[in-house]
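Heads up, run_20.cif below (mmCIF, C-alpha atoms and all ligand atoms):
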```
data_target
loop_
_atom_site.label_atom_id
_atom_site.label_comp_id
_atom_site.auth_asym_id
_atom_site.auth_seq_id
_atom_site.Cartn_x
_atom_site.Cartn_y
_atom_site.Cartn_z
CA MET A 30 -0.51 0.24 -16.29
CA LEU A 31 -1.72 2.52 -13.44
CA GLN A 32 -2.68 6.09 -14.20
CA ILE A 33 -4.00 8.45 -11.58
CA THR A 34 -4.98 11.87 -12.86
CA ASP A 35 -6.23 14.99 -11.14
CA ILE A 36 -7.69 13.23 -8.11
CA ASP A 37 -9.61 15.21 -5.49
CA SER A 38 -10.76 13.31 -2.43
CA TYR A 39 -12.92 14.10 0.58
CA TYR A 40 -13.72 12.80 4.06
CA GLY A 41 -17.21 14.22 4.56
CA ALA A 42 -16.88 17.94 3.96
CA SER A 43 -13.07 17.88 4.44
CA HIS A 44 -11.29 18.29 1.12
CA ILE A 45 -8.05 16.31 1.59
CA LEU A 46 -6.51 15.59 -1.85
CA HIS A 47 -6.21 18.28 -4.51
CA GLY A 48 -5.45 17.32 -8.11
CA VAL A 49 -3.12 14.44 -7.26
CA GLY A 50 -1.47 12.59 -10.15
CA LEU A 51 0.72 9.49 -10.27
CA GLU A 52 1.73 6.89 -12.83
CA ALA A 53 3.23 3.44 -12.39
CA GLY A 54 4.32 1.09 -15.16
CA LYS A 55 4.10 -2.67 -14.78
CA GLY A 56 6.66 -3.90 -12.24
CA GLU A 57 7.51 -0.43 -10.97
CA LEU A 58 7.83 0.40 -7.30
CA VAL A 59 6.77 3.96 -6.59
CA GLY A 60 7.64 5.53 -3.24
CA ILE A 61 5.04 7.96 -1.86
CA LEU A 62 6.72 10.43 0.44
CA GLY A 63 5.87 13.47 2.52
CA ARG A 64 5.42 14.71 6.07
CA ASN A 65 2.78 13.35 8.43
CA GLY A 66 -0.73 14.43 7.53
CA THR A 67 0.01 15.34 3.89
CA GLY A 68 -2.43 12.80 2.48
CA LYS A 69 -0.36 9.68 1.71
CA THR A 70 -2.74 7.31 3.50
CA THR A 71 -5.69 9.16 2.01
CA LEU A 72 -4.24 8.60 -1.46
CA LEU A 73 -4.10 4.82 -0.90
CA ARG A 74 -7.59 4.86 0.63
CA THR A 75 -8.84 6.86 -2.35
CA ILE A 76 -7.40 4.26 -4.72
CA MET A 77 -9.33 1.60 -2.76
CA GLY A 78 -12.53 3.69 -2.79
CA MET A 79 -12.47 4.18 0.98
CA THR A 80 -12.96 7.93 1.26
CA THR A 81 -16.38 9.59 1.23
CA ARG A 82 -16.02 10.87 -2.32
CA ALA A 83 -13.39 11.25 -5.01
CA THR A 84 -13.25 12.84 -8.45
CA GLY A 85 -10.67 12.59 -11.24
CA SER A 86 -9.44 9.47 -12.98
CA LEU A 87 -8.06 6.17 -11.67
CA LYS A 88 -7.21 3.77 -14.47
CA LEU A 89 -5.78 0.28 -14.11
CA ASN A 90 -4.87 -1.28 -17.47
CA GLY A 91 -7.16 1.20 -19.16
CA GLN A 92 -10.18 0.41 -16.95
CA GLU A 93 -11.68 3.46 -15.21
CA LEU A 94 -12.35 2.68 -11.55
CA ILE A 95 -12.95 6.03 -9.86
CA GLY A 96 -16.72 5.52 -9.50
CA GLU A 97 -16.47 1.85 -8.55
CA PRO A 98 -16.92 0.34 -5.07
CA THR A 99 -14.00 -1.13 -3.11
CA ASN A 100 -14.74 -4.77 -3.98
CA LYS A 101 -14.59 -4.02 -7.71
CA ARG A 102 -11.23 -2.33 -7.25
CA ALA A 103 -9.92 -5.39 -5.40
CA PHE A 104 -11.22 -7.61 -8.21
CA ALA A 105 -9.57 -5.31 -10.75
CA GLY A 106 -6.18 -5.98 -9.13
CA PHE A 107 -5.52 -3.70 -6.16
CA GLY A 108 -4.27 -5.39 -2.99
CA TYR A 109 -4.17 -3.17 0.12
CA VAL A 110 -1.96 -3.48 3.19
CA PRO A 111 -3.26 -0.71 5.47
CA GLN A 112 -1.30 1.30 8.00
CA GLY A 113 -1.31 -0.46 11.35
CA ARG A 114 -1.91 -3.78 9.53
CA GLN A 115 -5.55 -4.20 10.67
CA ILE A 116 -5.46 -7.94 11.05
CA ILE A 117 -8.26 -9.56 13.07
CA PRO A 118 -6.64 -10.76 16.33
CA ASP A 119 -9.30 -13.37 17.20
CA PHE A 120 -9.26 -14.96 13.74
CA THR A 121 -6.64 -17.63 13.09
CA ILE A 122 -3.74 -16.89 10.81
CA ARG A 123 -5.43 -19.10 8.21
CA GLU A 124 -8.72 -17.15 8.49
CA ASN A 125 -6.91 -13.82 8.27
CA ILE A 126 -5.17 -14.91 5.05
CA LEU A 127 -8.32 -16.41 3.54
CA MET A 128 -10.22 -13.14 4.03
CA GLY A 129 -8.21 -11.92 1.06
CA ARG A 130 -9.58 -14.79 -1.04
CA PHE A 131 -13.01 -13.11 -1.14
CA ALA A 132 -11.49 -10.78 -3.72
CA ALA A 133 -9.62 -13.45 -5.71
CA LYS A 134 -10.65 -13.52 -9.35
CA ASP A 135 -11.02 -17.28 -9.67
CA GLY A 136 -12.92 -17.77 -6.40
CA ARG A 137 -10.16 -19.92 -4.87
CA LYS A 138 -10.39 -20.65 -1.16
CA ASP A 139 -6.92 -22.05 -0.47
CA ILE A 140 -3.78 -20.46 0.93
CA PRO A 141 -1.86 -19.03 -2.04
CA GLU A 142 1.35 -20.84 -3.04
CA ILE A 143 3.38 -17.65 -2.72
CA VAL A 144 2.61 -17.48 1.03
CA TYR A 145 4.17 -20.95 1.48
CA GLU A 146 7.26 -19.66 -0.28
CA ILE A 147 7.81 -16.35 1.43
CA PHE A 148 6.17 -16.71 4.86
CA PRO A 149 6.93 -20.25 6.12
CA TYR A 150 6.42 -19.11 9.74
CA LEU A 151 2.78 -18.24 9.02
CA ILE A 152 2.25 -21.63 7.38
CA GLU A 153 3.68 -23.42 10.42
CA ASN A 154 1.23 -21.54 12.66
CA LEU A 155 -1.97 -21.41 10.59
CA ASP A 156 -4.27 -22.41 13.46
CA ARG A 157 -2.98 -19.89 15.98
CA PRO A 158 -4.83 -16.60 16.47
CA GLY A 159 -3.45 -13.64 14.52
CA GLY A 160 -3.29 -11.65 17.76
CA VAL A 161 -0.42 -13.73 19.19
CA LEU A 162 1.94 -12.62 16.43
CA SER A 163 4.58 -9.92 16.89
CA GLY A 164 4.22 -6.63 15.01
CA GLY A 165 6.54 -7.80 12.25
CA GLN A 166 4.72 -11.12 11.89
CA GLN A 167 1.37 -9.29 11.78
CA GLN A 168 2.79 -7.18 8.97
CA GLN A 169 3.70 -10.38 7.12
CA LEU A 170 0.15 -11.61 7.74
CA ALA A 171 -1.34 -8.41 6.33
CA ILE A 172 0.85 -8.80 3.23
CA ALA A 173 -0.18 -12.48 2.93
CA ARG A 174 -3.86 -11.46 3.14
CA ALA A 175 -3.33 -8.91 0.35
CA LEU A 176 -1.49 -11.52 -1.77
CA ALA A 177 -4.50 -13.82 -1.41
CA THR A 178 -6.48 -11.35 -3.52
CA GLU A 179 -4.03 -12.07 -6.39
CA PRO A 180 -3.19 -8.41 -6.90
CA SER A 181 -1.34 -6.88 -9.79
CA VAL A 182 -0.79 -3.67 -7.78
CA LEU A 183 0.09 -3.80 -4.09
CA LEU A 184 -0.56 -0.73 -1.93
CA LEU A 185 1.66 -0.72 1.16
CA ASP A 186 1.15 1.89 3.88
CA GLU A 187 4.25 2.30 6.08
CA PRO A 188 4.97 -1.44 6.27
CA THR A 189 8.04 -0.99 8.48
CA GLU A 190 6.46 1.46 10.94
CA GLY A 191 6.68 0.37 14.59
CA ILE A 192 8.52 -2.87 13.79
CA GLN A 193 11.63 -4.12 15.59
CA PRO A 194 14.76 -3.05 13.67
CA ASN A 195 15.98 -6.63 13.07
CA ILE A 196 12.63 -7.56 11.48
CA VAL A 197 12.47 -4.40 9.37
CA GLU A 198 15.19 -5.80 7.11
CA GLN A 199 13.16 -8.99 6.53
CA ILE A 200 10.06 -7.00 5.59
CA GLU A 201 12.12 -4.84 3.24
CA LYS A 202 13.61 -7.91 1.54
CA THR A 203 10.13 -9.40 1.12
CA ILE A 204 8.82 -6.23 -0.52
CA ILE A 205 11.79 -6.08 -2.90
CA ARG A 206 11.27 -9.76 -3.73
CA LEU A 207 7.56 -9.27 -4.45
CA ASN A 208 8.49 -6.45 -6.79
CA LYS A 209 11.55 -7.92 -8.51
CA GLU A 210 10.77 -11.65 -8.61
CA LEU A 211 7.00 -11.60 -8.94
CA GLY A 212 6.88 -8.40 -10.97
CA LEU A 213 4.20 -6.89 -8.72
CA THR A 214 3.67 -3.18 -9.20
CA ILE A 215 3.93 -1.53 -5.78
CA LEU A 216 2.92 1.83 -4.33
CA LEU A 217 4.84 2.21 -1.09
CA VAL A 218 4.10 4.89 1.51
CA GLU A 219 7.29 5.04 3.54
CA GLN A 220 9.15 7.50 5.81
CA ASN A 221 12.40 5.56 5.54
CA ILE A 222 14.28 7.28 2.70
CA ARG A 223 17.08 4.70 2.71
CA PHE A 224 14.58 1.95 1.91
CA VAL A 225 12.80 4.03 -0.73
CA ARG A 226 16.15 4.69 -2.42
CA ALA A 227 16.98 0.97 -2.33
CA ALA A 228 13.61 -0.29 -3.56
CA ALA A 229 11.83 2.35 -5.64
CA THR A 230 12.09 3.06 -9.33
CA ARG A 231 10.26 6.36 -8.93
CA PHE A 232 8.88 8.62 -6.23
CA VAL A 233 6.03 11.04 -5.63
CA MET A 234 6.44 13.74 -2.99
CA MET A 235 3.25 14.98 -1.35
CA GLU A 236 2.58 18.18 0.53
CA ASN A 237 -0.74 19.52 1.81
CA GLY A 238 -2.79 17.03 -0.19
CA ARG A 239 -0.93 17.73 -3.45
CA SER A 240 1.70 15.80 -5.41
CA VAL A 241 4.43 18.45 -5.53
CA ALA A 242 7.34 16.55 -7.08
CA THR A 243 7.83 13.30 -8.95
CA GLY A 244 10.71 11.64 -10.76
CA ALA A 245 13.14 8.76 -10.95
CA THR A 246 14.59 7.68 -7.59
CA ALA A 247 17.94 9.16 -8.66
CA ASP A 248 16.22 12.57 -8.66
CA LEU A 249 15.26 12.23 -4.99
CA THR A 250 17.81 14.78 -3.83
CA GLU A 251 18.67 15.85 -0.30
CA ALA A 252 17.37 19.33 -1.19
CA LEU A 253 13.98 17.90 -2.12
CA ILE A 254 13.86 15.82 1.04
CA SER A 255 14.76 18.71 3.30
CA LYS A 256 12.25 21.00 1.55
CA HIS A 257 9.31 18.62 1.81
CA MET A 258 10.09 16.23 4.63
CA THR A 259 12.00 17.92 7.43
CA ILE A 260 9.82 19.34 10.16
N1 LIG B 301 -11.26 9.71 8.46
C1 LIG B 301 -10.89 10.99 8.35
N2 LIG B 301 -11.79 12.01 8.45
C2 LIG B 301 -11.42 13.30 8.31
N3 LIG B 301 -10.14 13.71 8.08
C3 LIG B 301 -9.20 12.76 7.98
C4 LIG B 301 -9.52 11.35 8.12
N4 LIG B 301 -8.36 10.65 7.98
C5 LIG B 301 -7.38 11.55 7.76
N5 LIG B 301 -7.89 12.83 7.77
C6 LIG B 301 -7.13 14.06 7.55
O1 LIG B 301 -6.59 14.00 6.24
C7 LIG B 301 -5.29 14.60 6.20
C8 LIG B 301 -4.32 13.63 5.57
O2 LIG B 301 -4.16 12.50 6.44
P1 LIG B 301 -3.39 11.18 5.98
O3 LIG B 301 -3.55 10.19 7.08
O4 LIG B 301 -3.81 10.83 4.62
O5 LIG B 301 -1.90 11.70 5.93
P2 LIG B 301 -0.55 10.90 5.85
O6 LIG B 301 0.33 11.66 4.92
O7 LIG B 301 -0.81 9.48 5.52
O8 LIG B 301 0.01 11.01 7.33
P3 LIG B 301 0.69 9.92 8.30
O9 LIG B 301 2.09 9.83 7.84
O10 LIG B 301 0.54 10.58 9.63
O11 LIG B 301 -0.08 8.66 8.17
C9 LIG B 301 -4.96 15.00 7.64
O12 LIG B 301 -5.23 16.37 7.78
C10 LIG B 301 -5.92 14.16 8.46
O13 LIG B 301 -6.27 14.85 9.65
#
```

Using structure tokens, write down the structure that the file contains.
Amino acid sequence: MLQITDIDSYYGASHILHGVGLEAGKGELVGILGRNGTGKTTLLRTIMGMTTRATGSLKLNGQELIGEPTNKRAFAGFGYVPQGRQIIPDFTIRENILMGRFAAKDGRKDIPEIVYEIFPYLIENLDRPGGVLSGGQQQQLAIARALATEPSVLLLDEPTEGIQPNIVEQIEKTIIRLNKELGLTILLVEQNIRFVRAAATRFVMMENGRSVATGATADLTEALISKHMTI
């Protein structure tokens, strides 16, 4: 379904990703791991066409997207939940969600049904500003906004980072539900190995802008983690 081959990516003159590869079948959840600054966020931004330049191949269901602008990638099926959530605090919850509808294939302008199902709190508070929400609720809002684009692949950048421990579990359950019940393919950048082991079918380990190891989650050994993730 998703094939990323030999990707190089740049911010201006800075060459950040070097020959990165990754594959995800339909309904897979792939954990993207590695130390801080190894290029995990840059990989998601490259998939969305948000770096200065990228070469290589990015195919979604056989369609080559590497030269395409961000809006075309969203239309093709990528939904992006960026690190730090990036909701608009002065927009209402409704407006934040509906921003995602600009990339919906059928031009719908309503709140998607799935948001009613999985985020009832957001639905009860649609007219309040996004900025009044807690960190965990803002994360839910960012996921709801991405779901409004009707994605087939969801890109999640550290969705549990900086969130109260009791809410982390809720976010984790939601992500697993989106993957298992809705069959969404998910690329998950995550530092929490326990969650990656619980949720992922496969993993990619990154180091210095390269994908240095990949495999089934069962192959994510302690040796690999200590080699590529301990500081
Ligand atoms: N906008 C930018 N312009 C130039 N360099 C950047 C930019 N954003 C990130 N970088 C550099 O790219 C490299 C990879 O950063 P990136 O944020 O992708 O890493 P990461 O693995 O996601 O780290 P973290 O876990 O800290 O988010 C770092 O050296 C970083 O300094």

Within 6 Å of ligand LIG 301 (chain B) (only C-alpha atoms and all ligand atoms), residues as a ChimeraX atom specification: /A:40,45,65-71

Could you list, with a cut-off of 6 Å and counting all atoms listed in the file, the residues of stretch 34-126 of chain A near stretch 207-228 of chain A, each shown with its nearest atom pair and the distance in Å rounded to one decimal, rows sorted by chain and ascending number, as JSON lines?
```
{"residue": "A:Lys55", "atom": "CA", "partner": "A:Thr214", "partner_atom": "CA", "distance": 5.6}
{"residue": "A:Gly56", "atom": "CA", "partner": "A:Thr214", "partner_atom": "CA", "distance": 4.3}
{"residue": "A:Glu57", "atom": "CA", "partner": "A:Thr214", "partner_atom": "CA", "distance": 5.0}
{"residue": "A:Leu58", "atom": "CA", "partner": "A:Ile215", "partner_atom": "CA", "distance": 4.6}
{"residue": "A:Val59", "atom": "CA", "partner": "A:Leu216", "partner_atom": "CA", "distance": 4.9}
{"residue": "A:Gly60", "atom": "CA", "partner": "A:Leu217", "partner_atom": "CA", "distance": 4.8}
{"residue": "A:Ile61", "atom": "CA", "partner": "A:Val218", "partner_atom": "CA", "distance": 4.7}
```

Dump as a PDB file with C-alpha atoms, in the frame of the given file all residues having an atom at most 10 Å from (3.4, 22.1, 8.2), computed in the file's coordinates with all atoms listed in the file.
```pdb
ATOM      1  CA  ARG A  64       5.420  14.710   6.070  1.00  0.00           C
ATOM      2  CA  ASN A  65       2.780  13.350   8.430  1.00  0.00           C
ATOM      3  CA  GLY A  66      -0.730  14.430   7.530  1.00  0.00           C
ATOM      4  CA  THR A  67       0.010  15.340   3.890  1.00  0.00           C
ATOM      5  CA  GLU A 236       2.580  18.180   0.530  1.00  0.00           C
ATOM      6  CA  ASN A 237      -0.740  19.520   1.810  1.00  0.00           C
ATOM      7  CA  HIS A 257       9.310  18.620   1.810  1.00  0.00           C
ATOM      8  CA  MET A 258      10.090  16.230   4.630  1.00  0.00           C
ATOM      9  CA  THR A 259      12.000  17.920   7.430  1.00  0.00           C
ATOM     10  CA  ILE A 260       9.820  19.340  10.160  1.00  0.00           C
TER      11      ILE A 260
END
```

Surrounding residues of A:Ala242 excluding itself and chain neighbours under 5 positions, 9 Å, all atoms listed in the file, as a PyMOL selection string: chain A and resi 232-235+253

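Comparing the minimum interatomic distances between A:Asp139 and each of A:Thr178, A:Leu72, A:Thr250, A:Glu187, counting only C-alpha atoms, we find that A:Thr178 sits nearest.
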
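Comparing the minimum interatomic distances between A:Gly159 and each of A:Tyr145, A:Phe120, A:Tyr39, A:Phe131, counting only C-alpha atoms, we find that A:Phe120 sits nearest.
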
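Atom pair atom CA of A:Thr80 / atom CA of A:Arg102 has a distance of 13.4 Å (rounded to one decimal).
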
Spatial neighbours of A:Asp135, max dist 10 Å, only C-alpha atoms, sep filter under 3 positions, as number ranges by chain: A: 104, 130-132, 138, 178-179

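Look at stretch 93-101 of chain A: the protein and nucleic acid residues within 10 Å of it, using only C-alpha atoms and passing over chain neighbours fewer than 4 places away, are A:Gln32, A:Ile33, A:Ile36, A:Arg74, A:Thr75, A:Ile76, A:Met77, A:Gly78, A:Met79, A:Arg82, A:Ala83, A:Thr84, A:Gly85, A:Ser86, A:Leu87, A:Lys88, A:Leu89, A:Ala105, A:Gly106, A:Phe107, A:Phe131, A:Ala132.
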
Polymer residues at most 12 Å from (8.7, -0.7, 11.3) by only C-alpha atoms, as a PyMOL selection string: chain A and resi 112-114+163-169+186-201+219-221+224

Point-to-point distance in Å for atom CA of A:Gln115 and atom CA of A:Ile152: 19.4 Å

Quick one: stretch 204-235 of chain A with N, CA and C atoms, as a PDB file, in the frame of the given file?
```pdb
ATOM      1  N   ILE A 204       9.445  -7.185   0.396  1.00  0.00           N
ATOM      2  CA  ILE A 204       8.820  -6.230  -0.520  1.00  0.00           C
ATOM      3  C   ILE A 204       9.617  -6.156  -1.830  1.00  0.00           C
ATOM      4  N   ILE A 205      10.951  -6.139  -1.692  1.00  0.00           N
ATOM      5  CA  ILE A 205      11.790  -6.080  -2.900  1.00  0.00           C
ATOM      6  C   ILE A 205      11.599  -7.360  -3.722  1.00  0.00           C
ATOM      7  N   ARG A 206      11.480  -8.482  -3.042  1.00  0.00           N
ATOM      8  CA  ARG A 206      11.270  -9.760  -3.730  1.00  0.00           C
ATOM      9  C   ARG A 206       9.934  -9.779  -4.476  1.00  0.00           C
ATOM     10  N   LEU A 207       8.886  -9.299  -3.815  1.00  0.00           N
ATOM     11  CA  LEU A 207       7.560  -9.270  -4.450  1.00  0.00           C
ATOM     12  C   LEU A 207       7.593  -8.410  -5.707  1.00  0.00           C
ATOM     13  N   ASN A 208       8.376  -7.354  -5.646  1.00  0.00           N
ATOM     14  CA  ASN A 208       8.490  -6.450  -6.790  1.00  0.00           C
ATOM     15  C   ASN A 208       9.378  -7.043  -7.880  1.00  0.00           C
ATOM     16  N   LYS A 209      10.575  -7.492  -7.498  1.00  0.00           N
ATOM     17  CA  LYS A 209      11.550  -7.920  -8.510  1.00  0.00           C
ATOM     18  C   LYS A 209      11.274  -9.320  -9.045  1.00  0.00           C
ATOM     19  N   GLU A 210      10.939 -10.259  -8.160  1.00  0.00           N
ATOM     20  CA  GLU A 210      10.770 -11.650  -8.610  1.00  0.00           C
ATOM     21  C   GLU A 210       9.378 -11.902  -9.158  1.00  0.00           C
ATOM     22  N   LEU A 211       8.364 -11.345  -8.485  1.00  0.00           N
ATOM     23  CA  LEU A 211       7.000 -11.600  -8.940  1.00  0.00           C
ATOM     24  C   LEU A 211       6.503 -10.539  -9.918  1.00  0.00           C
ATOM     25  N   GLY A 212       7.258  -9.461 -10.039  1.00  0.00           N
ATOM     26  CA  GLY A 212       6.880  -8.400 -10.970  1.00  0.00           C
ATOM     27  C   GLY A 212       5.648  -7.620 -10.523  1.00  0.00           C
ATOM     28  N   LEU A 213       5.350  -7.655  -9.213  1.00  0.00           N
ATOM     29  CA  LEU A 213       4.200  -6.890  -8.720  1.00  0.00           C
ATOM     30  C   LEU A 213       4.512  -5.395  -8.791  1.00  0.00           C
ATOM     31  N   THR A 214       3.552  -4.633  -9.255  1.00  0.00           N
ATOM     32  CA  THR A 214       3.670  -3.180  -9.200  1.00  0.00           C
ATOM     33  C   THR A 214       3.335  -2.769  -7.764  1.00  0.00           C
ATOM     34  N   ILE A 215       4.128  -1.878  -7.190  1.00  0.00           N
ATOM     35  CA  ILE A 215       3.930  -1.530  -5.780  1.00  0.00           C
ATOM     36  C   ILE A 215       3.909  -0.018  -5.593  1.00  0.00           C
ATOM     37  N   LEU A 216       2.898   0.451  -4.837  1.00  0.00           N
ATOM     38  CA  LEU A 216       2.920   1.830  -4.330  1.00  0.00           C
ATOM     39  C   LEU A 216       3.236   1.729  -2.852  1.00  0.00           C
ATOM     40  N   LEU A 217       4.314   2.370  -2.450  1.00  0.00           N
ATOM     41  CA  LEU A 217       4.840   2.210  -1.090  1.00  0.00           C
ATOM     42  C   LEU A 217       4.873   3.560  -0.377  1.00  0.00           C
ATOM     43  N   VAL A 218       4.003   3.714   0.640  1.00  0.00           N
ATOM     44  CA  VAL A 218       4.100   4.890   1.510  1.00  0.00           C
ATOM     45  C   VAL A 218       5.149   4.562   2.563  1.00  0.00           C
ATOM     46  N   GLU A 219       6.162   5.402   2.666  1.00  0.00           N
ATOM     47  CA  GLU A 219       7.290   5.040   3.540  1.00  0.00           C
ATOM     48  C   GLU A 219       8.026   6.304   3.982  1.00  0.00           C
ATOM     49  N   GLN A 220       8.375   6.360   5.278  1.00  0.00           N
ATOM     50  CA  GLN A 220       9.150   7.500   5.810  1.00  0.00           C
ATOM     51  C   GLN A 220      10.651   7.226   5.709  1.00  0.00           C
ATOM     52  N   ASN A 221      11.001   5.955   5.526  1.00  0.00           N
ATOM     53  CA  ASN A 221      12.400   5.560   5.540  1.00  0.00           C
ATOM     54  C   ASN A 221      13.013   5.775   4.140  1.00  0.00           C
ATOM     55  N   ILE A 222      13.741   6.882   4.012  1.00  0.00           N
ATOM     56  CA  ILE A 222      14.280   7.280   2.700  1.00  0.00           C
ATOM     57  C   ILE A 222      15.301   6.250   2.190  1.00  0.00           C
ATOM     58  N   ARG A 223      16.088   5.701   3.120  1.00  0.00           N
ATOM     59  CA  ARG A 223      17.080   4.700   2.710  1.00  0.00           C
ATOM     60  C   ARG A 223      16.402   3.542   1.974  1.00  0.00           C
ATOM     61  N   PHE A 224      15.298   3.063   2.534  1.00  0.00           N
ATOM     62  CA  PHE A 224      14.580   1.950   1.910  1.00  0.00           C
ATOM     63  C   PHE A 224      13.955   2.373   0.583  1.00  0.00           C
ATOM     64  N   VAL A 225      13.388   3.558   0.544  1.00  0.00           N
ATOM     65  CA  VAL A 225      12.800   4.030  -0.730  1.00  0.00           C
ATOM     66  C   VAL A 225      13.883   4.089  -1.797  1.00  0.00           C
ATOM     67  N   ARG A 226      15.058   4.603  -1.423  1.00  0.00           N
ATOM     68  CA  ARG A 226      16.150   4.690  -2.420  1.00  0.00           C
ATOM     69  C   ARG A 226      16.568   3.301  -2.895  1.00  0.00           C
ATOM     70  N   ALA A 227      16.544   2.324  -1.973  1.00  0.00           N
ATOM     71  CA  ALA A 227      16.980   0.970  -2.330  1.00  0.00           C
ATOM     72  C   ALA A 227      15.937   0.250  -3.192  1.00  0.00           C
ATOM     73  N   ALA A 228      14.663   0.539  -2.958  1.00  0.00           N
ATOM     74  CA  ALA A 228      13.610  -0.290  -3.560  1.00  0.00           C
ATOM     75  C   ALA A 228      12.878   0.371  -4.723  1.00  0.00           C
ATOM     76  N   ALA A 229      12.764   1.697  -4.695  1.00  0.00           N
ATOM     77  CA  ALA A 229      11.830   2.350  -5.640  1.00  0.00           C
ATOM     78  C   ALA A 229      12.478   2.643  -6.982  1.00  0.00           C
ATOM     79  N   THR A 230      11.639   2.578  -8.022  1.00  0.00           N
ATOM     80  CA  THR A 230      12.090   3.060  -9.330  1.00  0.00           C
ATOM     81  C   THR A 230      11.772   4.556  -9.450  1.00  0.00           C
ATOM     82  N   ARG A 231      10.661   4.960  -8.858  1.00  0.00           N
ATOM     83  CA  ARG A 231      10.260   6.360  -8.930  1.00  0.00           C
ATOM     84  C   ARG A 231       9.660   6.789  -7.600  1.00  0.00           C
ATOM     85  N   PHE A 232       9.477   8.111  -7.464  1.00  0.00           N
ATOM     86  CA  PHE A 232       8.880   8.620  -6.230  1.00  0.00           C
ATOM     87  C   PHE A 232       7.858   9.698  -6.543  1.00  0.00           C
ATOM     88  N   VAL A 233       6.958   9.897  -5.600  1.00  0.00           N
ATOM     89  CA  VAL A 233       6.030  11.040  -5.630  1.00  0.00           C
ATOM     90  C   VAL A 233       6.134  11.705  -4.271  1.00  0.00           C
ATOM     91  N   MET A 234       6.389  13.003  -4.255  1.00  0.00           N
ATOM     92  CA  MET A 234       6.440  13.740  -2.990  1.00  0.00           C
ATOM     93  C   MET A 234       5.118  14.482  -2.811  1.00  0.00           C
ATOM     94  N   MET A 235       4.537  14.317  -1.611  1.00  0.00           N
ATOM     95  CA  MET A 235       3.250  14.980  -1.350  1.00  0.00           C
ATOM     96  C   MET A 235       3.416  16.069  -0.299  1.00  0.00           C
TER      97      MET A 235
END
```
